[in-house]
Amino acid sequence: MNQSPWVLVTGGAKRLGREFCLAFARADWNVVCHFNTSDTEALQTQNMVHGLGKTCVLMKQDLSAADAHTHLLDQCVSQTGQLPQCIVNNASVFSMDDAASSSAAVLQMHFQTNTVLPLLLANALALRAKTAPHHAKHLCVIHVLDQKVHNLNPDYFSYTVSKLALERSVALQAQALAPGVRVCGLSPGLSYLSGDQTQDNFDQASKVNLLQRQIQTVDIARTAVFMAENEALTGCTIQADNGQHLVPLARDVMFAINPQGGA
Ligand SMILES: NC(=O)c1ccc[n+]([C@@H]2O[C@H](COP(=O)([O-])OP(=O)(O)OC[C@H]3O[C@@H](n4cnc5c(N)ncnc54)[C@H](OP(=O)(O)O)[C@@H]3O)[C@@H](O)[C@H]2O)c1
């Protein structure tokens with residue numbers, strides 16, 4: 001196996017997760033691509049990374065289990081022989097509710113995958129780095145957030161609250177895990193069609209940002225590589241969103257275009 005560093009991307013099979021895998025591979029990293037249900041897309045991502053001349057190991061796991069973080073890191077180390085030099089906490093649950101309709105079950109589902117798992121995975125990386133310091137060099141965790149947390153509205157309430165908690169944790173965790181592990185946040189803007197959003201709605205909504213054009217997902221992904229490779233960064237968040245967070249809306253952008261979110 002080549003001597004390149006390893007990145008672990010959660011939810012790496014498709015959409016933005018795949019872009020992260022490819023951006024790191026282009027930057028000469030090997031990739032551990034975690035996925036849960038997207039077996040076919042994970043294999044495609046693996047082939048794409050191989051096509052770029054780097055190694056890609058696939059890891060299938062449901063992250064909603066309480067001890068998922070330790071299993072994932074154990075598997076990662078046993079298959080690559082080392083700690084990942086960077087973890088991109090990309091996997092996420094995104095389901096619609098609002099402040100009035102949220103329930104304990106929906107809040108807990110979002111918190112487990114979007115908040116608890118990323119935080120515990122970062123802690124587990126720091127702990128392993130201490131107990132096996134020969135494995136540890138320049139470690140970095142990137143929590144993938146959302147421009148929503150800088151530009152609030154009450155749609156997707158449980159999702160937003162789970163990402164807000166993660167965003168507020170970036171600086172805290174950076175302080176707690178220093179000097180062994182750097183912790184950064186990355187807030188994308190609207191990048192992919194979601195739920196029952198129509199293509200027409202997406203085409204319009206994706207231009208509601210300061211630059212009035214669709215965000216290039218490759219630009220979001222290479223921001224993560226920049227964070228992983230820039231040793232000066234910790235405790236900070238970059239918004240890769242064409243300035244979407246500076247365009248306040250009373251509702252989610254999907255409903256700002258059309259109150260039903262559809263065509
Ligand atoms: N899409 C956007 O426009 C947008 C905008 C702002 C921020 N973001 C953020 O960017 C990141 C990527 O967005 P996305 O739209 O590409 O994400 P996504 O498609 O909604 O989800 C990414 C992956 O998360 C994995 N996942 C969900 N629940 C899981 C669980 N319980 N266990 C294991 N894996 C699980 C899924 O893996 P499997 O498919 O393998 O099951 C899924 O492919 C997310 O953190 C999101 O919050 C996205």
# chains A, B, ... in the order shown; residues from 1 in each chain; ligands from 1
>>> residues_near_ligand(ligand="ligand 1", cutoff="6 Å", atoms="only C-alpha atoms and all ligand atoms", output="PyMOL selection string")
chain A and resi 11+13-17+35-38+61-64+90-94+113+144-146+188-192
>>> select_by_dssp(residues="stretch 100-252 of chain A", states="strand (DSSP E)", output="list of chain:residue names")
A:Leu139, A:Cys140, A:Val141, A:Ile142, A:His143, A:Val144, A:Val181, A:Arg182, A:Val183, A:Cys184, A:Gly185, A:Leu186, A:Ser187, A:Pro188, A:Thr237, A:Ile238, A:Gln239, A:Ala240
>>> write_last_selection(atoms="C-alpha atoms", output="short mmCIF file (atom, residue, chain, number, x, y, z; two decimals), in the first residue's frame")
data_model
loop_
_atom_site.label_atom_id
_atom_site.label_comp_id
_atom_site.auth_asym_id
_atom_site.auth_seq_id
_atom_site.Cartn_x
_atom_site.Cartn_y
_atom_site.Cartn_z
CA LEU A 139 -4.78 14.68 13.13
CA CYS A 140 -7.83 16.66 12.06
CA VAL A 141 -11.60 16.26 12.39
CA ILE A 142 -13.96 18.18 10.14
CA HIS A 143 -17.58 18.44 11.26
CA VAL A 144 -19.80 19.05 8.24
CA VAL A 181 -6.33 16.79 17.22
CA ARG A 182 -7.47 19.86 15.30
CA VAL A 183 -11.25 20.31 15.03
CA CYS A 184 -12.86 22.42 12.31
CA GLY A 185 -16.35 23.06 10.95
CA LEU A 186 -17.37 23.27 7.31
CA SER A 187 -20.77 24.74 6.42
CA PRO A 188 -21.98 23.98 2.89
CA THR A 237 -15.66 27.11 10.67
CA ILE A 238 -15.60 27.96 6.97
CA GLN A 239 -18.82 28.62 5.07
CA ALA A 240 -18.52 27.22 1.54
#
>>> select_by_dssp(residues="stretch 109-148 of chain A", states="alpha helix (DSSP H)", output="MDAnalysis selection string")
chainID A and resid 109:111 117:131
>>> closest_atom_pairs(of="stretch 181-259 of chain A", to="stretch 155-162 of chain A", cutoff="10 Å", atoms="only C-alpha atoms", output="CSV")
residue,atom,partner,partner_atom,distance
A:Ala250,CA,A:Asp155,CA,9.1
A:Arg251,CA,A:Asp155,CA,6.2
A:Asp252,CA,A:Asp155,CA,5.8
A:Val253,CA,A:Asp155,CA,9.5
A:Met254,CA,A:Asp155,CA,9.8
A:Phe255,CA,A:Asp155,CA,9.0
>>> write_last_selection(atoms="C-alpha atoms", output="PDB file, in the first residue's frame")
ATOM      1  CA  ALA A 250     -38.089  33.481   6.963  1.00  0.00           C
ATOM      2  CA  ARG A 251     -38.350  29.853   5.773  1.00  0.00           C
ATOM      3  CA  ASP A 252     -36.057  27.228   4.292  1.00  0.00           C
ATOM      4  CA  VAL A 253     -34.990  28.299   0.807  1.00  0.00           C
ATOM      5  CA  MET A 254     -36.999  25.374  -0.665  1.00  0.00           C
ATOM      6  CA  PHE A 255     -40.219  26.971   0.661  1.00  0.00           C
TER       7      PHE A 255
END
>>> atom_distance(atom1="atom CA of A:Thr217", atom2="atom CA of A:Asp241")
9.4 Å
>>> closest_residue(among="A:Gln112, A:Ser206, A:Thr223, A:Thr10", to="A:Gly243", atoms="only C-alpha atoms")
A:Ser206
>>> atom_distance(atom1="atom CA of A:Leu120", atom2="atom CA of A:Thr70")
8.4 Å
